[in-house]
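Okay, structure first, notes after.
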Amino acid sequence: MKNAGKIFLILALGFGLQAISFSQEKITLTLEESIRLALLQNPFYDAEKAKEEQAAFFVREAISRFLPSVNAQGMDVLDRKPFFLKFPPLFPGQSSQKISLDLTRTYQFSLSLFVPLFTGGRLMSGYRQANYSLLSTQEAIRQARQETVFKVKKAFYGVLLCQKLADVAEEAVSLAEKHLKNVESRYAVEMASKFDRLRSEVQLANLKPQLIRARNGLKSAELALKVLLGLELNQTIEVKGELSYQAFEADLDENIARALTCRPEILQFRYQKLMAEEMIKTAKAAYLPVVAVGGAFHYWSDEFNFKKNNWENYYSVNLIFNIPVFNGFNEASKVGQSKAVLKQLEYGQKGLLEMVKLEVHESILSLQQARESLFSQEKNVEQAQEAVKIAELSFTEGLATDLEVSSLHVALSQARTNYSQALYDYVMALALLEKAIGSGPDIPEDIGQIRGGGNR
């Protein structure tokens, strides 16, 4: 038995370690895979998507108001007071007579029916409001999707930038170490001074903290990406991609026109305005009469059994007219409120259109600036590399000082850092322009299409 227990413990530990190893398996993340995981696992985006289900049930609730309502009711009378009728005496001198009447039955069951025929357009307006609310919610989800994709791109490219900066810092340390060895070799044969060696050592010591900061920055960027993708913080990841230049020419008028057609915020305002117009119709419908058919079927008895002729029943079918006469100007107040809401939405939409135009304009300017800066920094890196090669060769031949070589090393690291930053700024400017014009694969083809309906 003891041996069996040991074997079981070993197997349990083995399976546990295997499960841990599986959970820590490295995930390779491309940009496309990162976007897929974020849209699948990001809790904030999931919370936004859950609103669509609620809006869909509001539509179902509005549809249900068109249908007949049937209600069943059962009642057991626990206590009652008889009804007395007093009759005058039939002959003079006699006392009056009291007769007890019990019109209530102990057990009563009823089935009622209500069918709306005409409500002045209330039901149809309610359905349209719910439907426009659903469409507005879907646009809000599309906006959240674009925001999530933009955040993923920013975090993903941020990791790539931190990798570049870490590589630049490592290369700077490597160049400093190589130069220090060269100085020490020259110092050993008295071709370099002690001051040159000290300067090289200080230069290397100053670069090592920068390398540590660059590596820590990379770890922080990876953690931020994991959180955005809904991954565990201890999950090992490998980010696969490049910060690269892709030629792109943006036409201002074309992109503004596309943004005014496709931006989900604008479409949300459009549907909200349609909702406000239906609210006005609903408020005005309160002035109109309501026509409906109602009916009820009743069973009652004093004994709860199903013997023949024990239960009595009757039914009624009614045509109901409800004509509003005076309600303290309540309808006029609701019409005024709905019109005020519509006016607010019109002003808000006007401001949003101008803001969208500004965002597109600024995005294109940022893209142009990032492209020019990138070209400039690319040329700067080439010149800095050539300068370092010449300086190191001149230092070996005794034609350049250690200070000149160190300064050129710093300039090369800075140039490479600026180039990596310029690449990041360019790809992010492209992502920002895409977000500003509302582009994406999920743009509806029938944007803003209005469907009519009846007058029930």
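Ordering of the structure tokens sets the chain letters (A, B, ...); residue numbers start at 1 within each chain; ligands are numbered from 1 in the order shown.
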
Exercise for the section: Could you give me, as a VMD selection string, each residue of stretch 282-372 of chain A that DSSP assigns to strand (DSSP E or B) when run on this structure's backbone? Expected result: chain A and resid 290 to 301 312 to 322

Practice task
Tell me which protein, DNA and RNA residues are within 8 Å of stretch 292-304 of chain A, counting only C-alpha atoms, leaving out same-chain ones fewer than 3 positions away, and put them as a ChimeraX atom specification.
Solution key: /A:105-118,310-321

Could you turn the residues from that selection into a file that holds C-alpha atoms, as a PDB file, in the first residue's frame?
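That gives us again17.pdb:
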```pdb
ATOM      1  CA  ARG A 105     -68.053  32.124  -5.273  1.00  0.00           C
ATOM      2  CA  THR A 106     -65.265  30.559  -3.285  1.00  0.00           C
ATOM      3  CA  TYR A 107     -63.255  29.400  -6.289  1.00  0.00           C
ATOM      4  CA  GLN A 108     -62.952  31.629  -9.329  1.00  0.00           C
ATOM      5  CA  PHE A 109     -60.913  31.157 -12.507  1.00  0.00           C
ATOM      6  CA  SER A 110     -60.711  33.542 -15.449  1.00  0.00           C
ATOM      7  CA  LEU A 111     -58.983  33.787 -18.800  1.00  0.00           C
ATOM      8  CA  SER A 112     -58.636  37.270 -20.335  1.00  0.00           C
ATOM      9  CA  LEU A 113     -57.604  38.350 -23.839  1.00  0.00           C
ATOM     10  CA  PHE A 114     -56.492  41.755 -25.178  1.00  0.00           C
ATOM     11  CA  VAL A 115     -55.774  42.468 -28.863  1.00  0.00           C
ATOM     12  CA  PRO A 116     -54.633  45.958 -29.950  1.00  0.00           C
ATOM     13  CA  LEU A 117     -56.149  47.061 -33.263  1.00  0.00           C
ATOM     14  CA  PHE A 118     -55.116  50.712 -33.529  1.00  0.00           C
ATOM     15  CA  ASN A 310     -70.744  22.133 -10.339  1.00  0.00           C
ATOM     16  CA  TRP A 311     -68.997  24.975 -12.177  1.00  0.00           C
ATOM     17  CA  GLU A 312     -70.745  27.976 -13.621  1.00  0.00           C
ATOM     18  CA  ASN A 313     -69.249  30.009 -16.456  1.00  0.00           C
ATOM     19  CA  TYR A 314     -69.803  33.074 -18.552  1.00  0.00           C
ATOM     20  CA  TYR A 315     -67.826  35.088 -21.069  1.00  0.00           C
ATOM     21  CA  SER A 316     -67.743  38.555 -22.562  1.00  0.00           C
ATOM     22  CA  VAL A 317     -66.222  40.046 -25.719  1.00  0.00           C
ATOM     23  CA  ASN A 318     -65.676  43.820 -25.793  1.00  0.00           C
ATOM     24  CA  LEU A 319     -64.701  46.414 -28.349  1.00  0.00           C
ATOM     25  CA  ILE A 320     -62.687  48.998 -26.439  1.00  0.00           C
ATOM     26  CA  PHE A 321     -62.302  52.675 -27.375  1.00  0.00           C
TER      27      PHE A 321
END
```

Practice task
Write out as a ChimeraX atom specification which residues come within 7 Å of A:Pro289 when counting only C-alpha atoms, dropping same-chain ones fewer than 2 positions away.
Solution key: /A:119-120,287,291,321-324

Please save N, CA and C atoms of the selected residues as a PDB file, in the first residue's frame.
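As written to disk, out30.pdb reads:
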```
ATOM      1  N   THR A 119     -53.349  51.888 -32.373  1.00  0.00           N
ATOM      2  CA  THR A 119     -52.766  52.634 -31.247  1.00  0.00           C
ATOM      3  C   THR A 119     -52.213  53.977 -31.695  1.00  0.00           C
ATOM      4  N   GLY A 120     -52.591  54.443 -32.870  1.00  0.00           N
ATOM      5  CA  GLY A 120     -52.095  55.733 -33.338  1.00  0.00           C
ATOM      6  C   GLY A 120     -50.634  55.713 -33.749  1.00  0.00           C
ATOM      7  N   TYR A 287     -52.314  61.777 -28.611  1.00  0.00           N
ATOM      8  CA  TYR A 287     -53.534  62.541 -28.890  1.00  0.00           C
ATOM      9  C   TYR A 287     -54.596  61.673 -29.583  1.00  0.00           C
ATOM     10  N   VAL A 291     -57.878  51.667 -30.089  1.00  0.00           N
ATOM     11  CA  VAL A 291     -58.960  50.716 -30.350  1.00  0.00           C
ATOM     12  C   VAL A 291     -58.404  49.319 -30.129  1.00  0.00           C
ATOM     13  N   PHE A 321     -62.762  51.381 -26.860  1.00  0.00           N
ATOM     14  CA  PHE A 321     -62.302  52.675 -27.375  1.00  0.00           C
ATOM     15  C   PHE A 321     -61.753  53.483 -26.209  1.00  0.00           C
ATOM     16  N   ASN A 322     -60.516  53.928 -26.359  1.00  0.00           N
ATOM     17  CA  ASN A 322     -59.922  54.793 -25.326  1.00  0.00           C
ATOM     18  C   ASN A 322     -59.581  56.117 -25.998  1.00  0.00           C
ATOM     19  N   ILE A 323     -60.391  57.150 -25.701  1.00  0.00           N
ATOM     20  CA  ILE A 323     -60.234  58.446 -26.370  1.00  0.00           C
ATOM     21  C   ILE A 323     -59.671  59.448 -25.364  1.00  0.00           C
ATOM     22  N   PRO A 324     -58.435  59.955 -25.593  1.00  0.00           N
ATOM     23  CA  PRO A 324     -57.877  60.954 -24.675  1.00  0.00           C
ATOM     24  C   PRO A 324     -58.623  62.283 -24.807  1.00  0.00           C
TER      25      PRO A 324
END
```

Handout entry: All alpha helix (DSSP H) residues (DSSP, backbone) inside stretch 216-430 of chain A, as an MDAnalysis selection string
Key = chainID A and resid 216:229 252:262 264:285 330:396 402:430

Store the residues picked out above in a file with C-alpha atoms, as a CSV table (one decimal), in the first residue's frame.
```csv
chain,number,residue,atom,x,y,z
A,216,ASN,CA,13.1,46.7,-18.7
A,217,GLY,CA,11.2,48.8,-21.2
A,218,LEU,CA,10.8,45.8,-23.4
A,219,LYS,CA,9.5,43.7,-20.6
A,220,SER,CA,7.0,46.4,-19.6
A,221,ALA,CA,5.8,46.6,-23.3
A,222,GLU,CA,5.3,42.9,-23.4
A,223,LEU,CA,3.3,42.9,-20.2
A,224,ALA,CA,1.1,45.6,-21.6
A,225,LEU,CA,0.5,43.6,-24.8
A,226,LYS,CA,-0.4,40.5,-22.7
A,227,VAL,CA,-3.0,42.4,-20.7
A,228,LEU,CA,-4.5,43.8,-23.9
A,229,LEU,CA,-4.7,40.3,-25.4
A,252,LEU,CA,-7.4,64.5,-48.2
A,253,ASP,CA,-10.8,64.9,-49.9
A,254,GLU,CA,-11.2,61.2,-50.6
A,255,ASN,CA,-10.4,60.2,-47.0
A,256,ILE,CA,-12.7,62.9,-45.5
A,257,ALA,CA,-15.6,61.6,-47.7
A,258,ARG,CA,-14.9,58.1,-46.6
A,259,ALA,CA,-14.7,59.1,-42.9
A,260,LEU,CA,-18.1,60.9,-43.1
A,261,THR,CA,-19.6,57.8,-44.6
A,262,CYS,CA,-18.0,55.1,-42.5
A,264,PRO,CA,-19.2,54.5,-36.5
A,265,GLU,CA,-19.7,57.6,-34.3
A,266,ILE,CA,-21.4,59.4,-37.2
A,267,LEU,CA,-23.7,56.4,-37.9
A,268,GLN,CA,-24.6,56.2,-34.2
A,269,PHE,CA,-25.7,59.8,-34.3
A,270,ARG,CA,-27.7,59.1,-37.4
A,271,TYR,CA,-29.6,56.2,-35.7
A,272,GLN,CA,-30.1,58.2,-32.6
A,273,LYS,CA,-31.7,61.0,-34.6
A,274,LEU,CA,-34.0,58.5,-36.1
A,275,MET,CA,-34.9,57.3,-32.6
A,276,ALA,CA,-35.6,60.9,-31.5
A,277,GLU,CA,-37.9,61.3,-34.5
A,278,GLU,CA,-39.8,58.2,-33.6
A,279,MET,CA,-40.0,59.5,-30.0
A,280,ILE,CA,-41.8,62.6,-31.4
A,281,LYS,CA,-44.2,60.4,-33.3
A,282,THR,CA,-44.9,58.3,-30.1
A,283,ALA,CA,-45.6,61.5,-28.1
A,284,LYS,CA,-48.0,62.8,-30.8
A,285,ALA,CA,-49.8,59.5,-30.9
A,330,ASN,CA,-48.8,65.9,-20.5
A,331,GLU,CA,-48.7,65.0,-24.2
A,332,ALA,CA,-47.5,68.5,-25.2
A,333,SER,CA,-44.7,68.3,-22.7
A,334,LYS,CA,-43.5,64.9,-24.0
A,335,VAL,CA,-43.6,66.2,-27.6
A,336,GLY,CA,-41.5,69.3,-26.5
A,337,GLN,CA,-39.0,67.0,-24.7
A,338,SER,CA,-38.6,64.8,-27.8
A,339,LYS,CA,-38.0,67.8,-30.0
A,340,ALA,CA,-35.4,69.2,-27.7
A,341,VAL,CA,-33.6,65.8,-27.7
A,342,LEU,CA,-33.6,65.9,-31.5
A,343,LYS,CA,-32.2,69.4,-31.6
A,344,GLN,CA,-29.4,68.4,-29.2
A,345,LEU,CA,-28.5,65.5,-31.5
A,346,GLU,CA,-28.5,67.7,-34.6
A,347,TYR,CA,-26.0,70.1,-32.9
A,348,GLY,CA,-23.9,67.2,-31.6
A,349,GLN,CA,-23.8,65.7,-35.1
A,350,LYS,CA,-22.7,68.9,-36.6
A,351,GLY,CA,-19.9,69.2,-34.1
A,352,LEU,CA,-18.9,65.6,-34.7
A,353,LEU,CA,-18.7,66.0,-38.4
A,354,GLU,CA,-16.2,69.0,-38.0
A,355,MET,CA,-14.2,67.0,-35.5
A,356,VAL,CA,-13.9,64.0,-37.9
A,357,LYS,CA,-12.7,66.3,-40.7
A,358,LEU,CA,-10.1,67.7,-38.3
A,359,GLU,CA,-9.0,64.3,-37.2
A,360,VAL,CA,-8.5,63.1,-40.8
A,361,HIS,CA,-6.6,66.3,-41.7
A,362,GLU,CA,-4.3,66.0,-38.7
A,363,SER,CA,-3.7,62.3,-39.4
A,364,ILE,CA,-2.6,63.0,-42.9
A,365,LEU,CA,-0.3,65.8,-41.8
A,366,SER,CA,1.2,63.4,-39.1
A,367,LEU,CA,1.7,60.8,-41.8
A,368,GLN,CA,3.5,63.2,-44.1
A,369,GLN,CA,5.7,64.5,-41.2
A,370,ALA,CA,6.5,60.9,-40.1
A,371,ARG,CA,7.5,60.0,-43.7
A,372,GLU,CA,9.8,63.0,-44.1
A,373,SER,CA,11.4,62.4,-40.7
A,374,LEU,CA,11.9,58.7,-41.5
A,375,PHE,CA,13.7,59.5,-44.8
A,376,SER,CA,15.9,62.1,-43.0
A,377,GLN,CA,16.8,59.7,-40.1
A,378,GLU,CA,17.6,56.9,-42.6
A,379,LYS,CA,20.2,59.1,-44.3
A,380,ASN,CA,21.5,60.2,-40.9
A,381,VAL,CA,22.1,56.5,-39.9
A,382,GLU,CA,24.1,55.8,-43.1
A,383,GLN,CA,26.2,58.9,-42.5
A,384,ALA,CA,26.8,58.0,-38.9
A,385,GLN,CA,27.9,54.5,-39.7
A,386,GLU,CA,30.3,55.7,-42.3
A,387,ALA,CA,31.7,58.3,-39.9
A,388,VAL,CA,32.3,55.6,-37.2
A,389,LYS,CA,34.1,53.4,-39.7
A,390,ILE,CA,36.4,56.2,-40.7
A,391,ALA,CA,37.0,57.3,-37.1
A,392,GLU,CA,37.9,53.8,-35.9
A,393,LEU,CA,40.3,53.3,-38.8
A,394,SER,CA,41.9,56.7,-38.1
A,395,PHE,CA,42.2,56.0,-34.4
A,396,THR,CA,44.0,52.7,-35.2
A,402,ASP,CA,39.5,58.7,-28.4
A,403,LEU,CA,37.1,61.5,-27.8
A,404,GLU,CA,36.3,61.8,-31.5
A,405,VAL,CA,35.6,58.0,-31.7
A,406,SER,CA,33.4,58.0,-28.5
A,407,SER,CA,31.4,61.0,-29.7
A,408,LEU,CA,30.8,59.3,-33.1
A,409,HIS,CA,29.7,56.1,-31.3
A,410,VAL,CA,27.1,58.1,-29.3
A,411,ALA,CA,26.0,59.9,-32.5
A,412,LEU,CA,25.5,56.5,-34.2
A,413,SER,CA,23.4,55.1,-31.3
A,414,GLN,CA,21.3,58.3,-31.2
A,415,ALA,CA,20.8,58.1,-35.0
A,416,ARG,CA,19.7,54.5,-34.8
A,417,THR,CA,17.4,55.3,-31.9
A,418,ASN,CA,15.9,58.2,-33.9
A,419,TYR,CA,15.4,56.0,-36.9
A,420,SER,CA,13.6,53.3,-34.9
A,421,GLN,CA,11.4,56.0,-33.4
A,422,ALA,CA,10.7,57.5,-36.8
A,423,LEU,CA,9.7,54.0,-38.1
A,424,TYR,CA,7.3,53.6,-35.1
A,425,ASP,CA,5.8,57.0,-35.7
A,426,TYR,CA,5.2,56.2,-39.4
A,427,VAL,CA,3.4,52.9,-38.8
A,428,MET,CA,1.4,54.5,-36.0
A,429,ALA,CA,0.5,57.4,-38.2
A,430,LEU,CA,-0.9,54.9,-40.7
```

Handout entry: atom CA of A:Arg263 to atom CA of A:Leu243, distance in Å rounded to a single decimal
Key = 27.3 Å

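The two atoms in question, atom CA of A:Asn131 and atom CA of A:Ala144, are spaced 19.9 Å apart.
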
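For the atom pair formed by atom CA of A:Ile237 and atom CA of A:Ala50, the distance is 29.0 Å, given to one decimal.
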
Problem - A:Glu238 environment, 8 Å, only C-alpha atoms, sequence neighbours closer than 5 positions dropped, as a ChimeraX atom specification - result: /A:26-29

Output file for the selection above: N, CA and C atoms, as a CSV table (one decimal), in the first residue's frame:
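Listed below is the output, result_10.csv:
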```csv
chain,number,residue,atom,x,y,z
A,26,LYS,N,5.4,28.7,-25.1
A,26,LYS,CA,5.6,30.0,-25.7
A,26,LYS,C,4.6,30.2,-26.8
A,27,ILE,N,4.1,31.4,-26.9
A,27,ILE,CA,3.2,31.7,-28.0
A,27,ILE,C,3.9,32.7,-28.9
A,28,THR,N,3.8,32.4,-30.2
A,28,THR,CA,4.4,33.4,-31.2
A,28,THR,C,3.3,34.3,-31.6
A,29,LEU,N,3.5,35.6,-31.5
A,29,LEU,CA,2.5,36.6,-31.8
A,29,LEU,C,2.9,37.4,-33.0
```
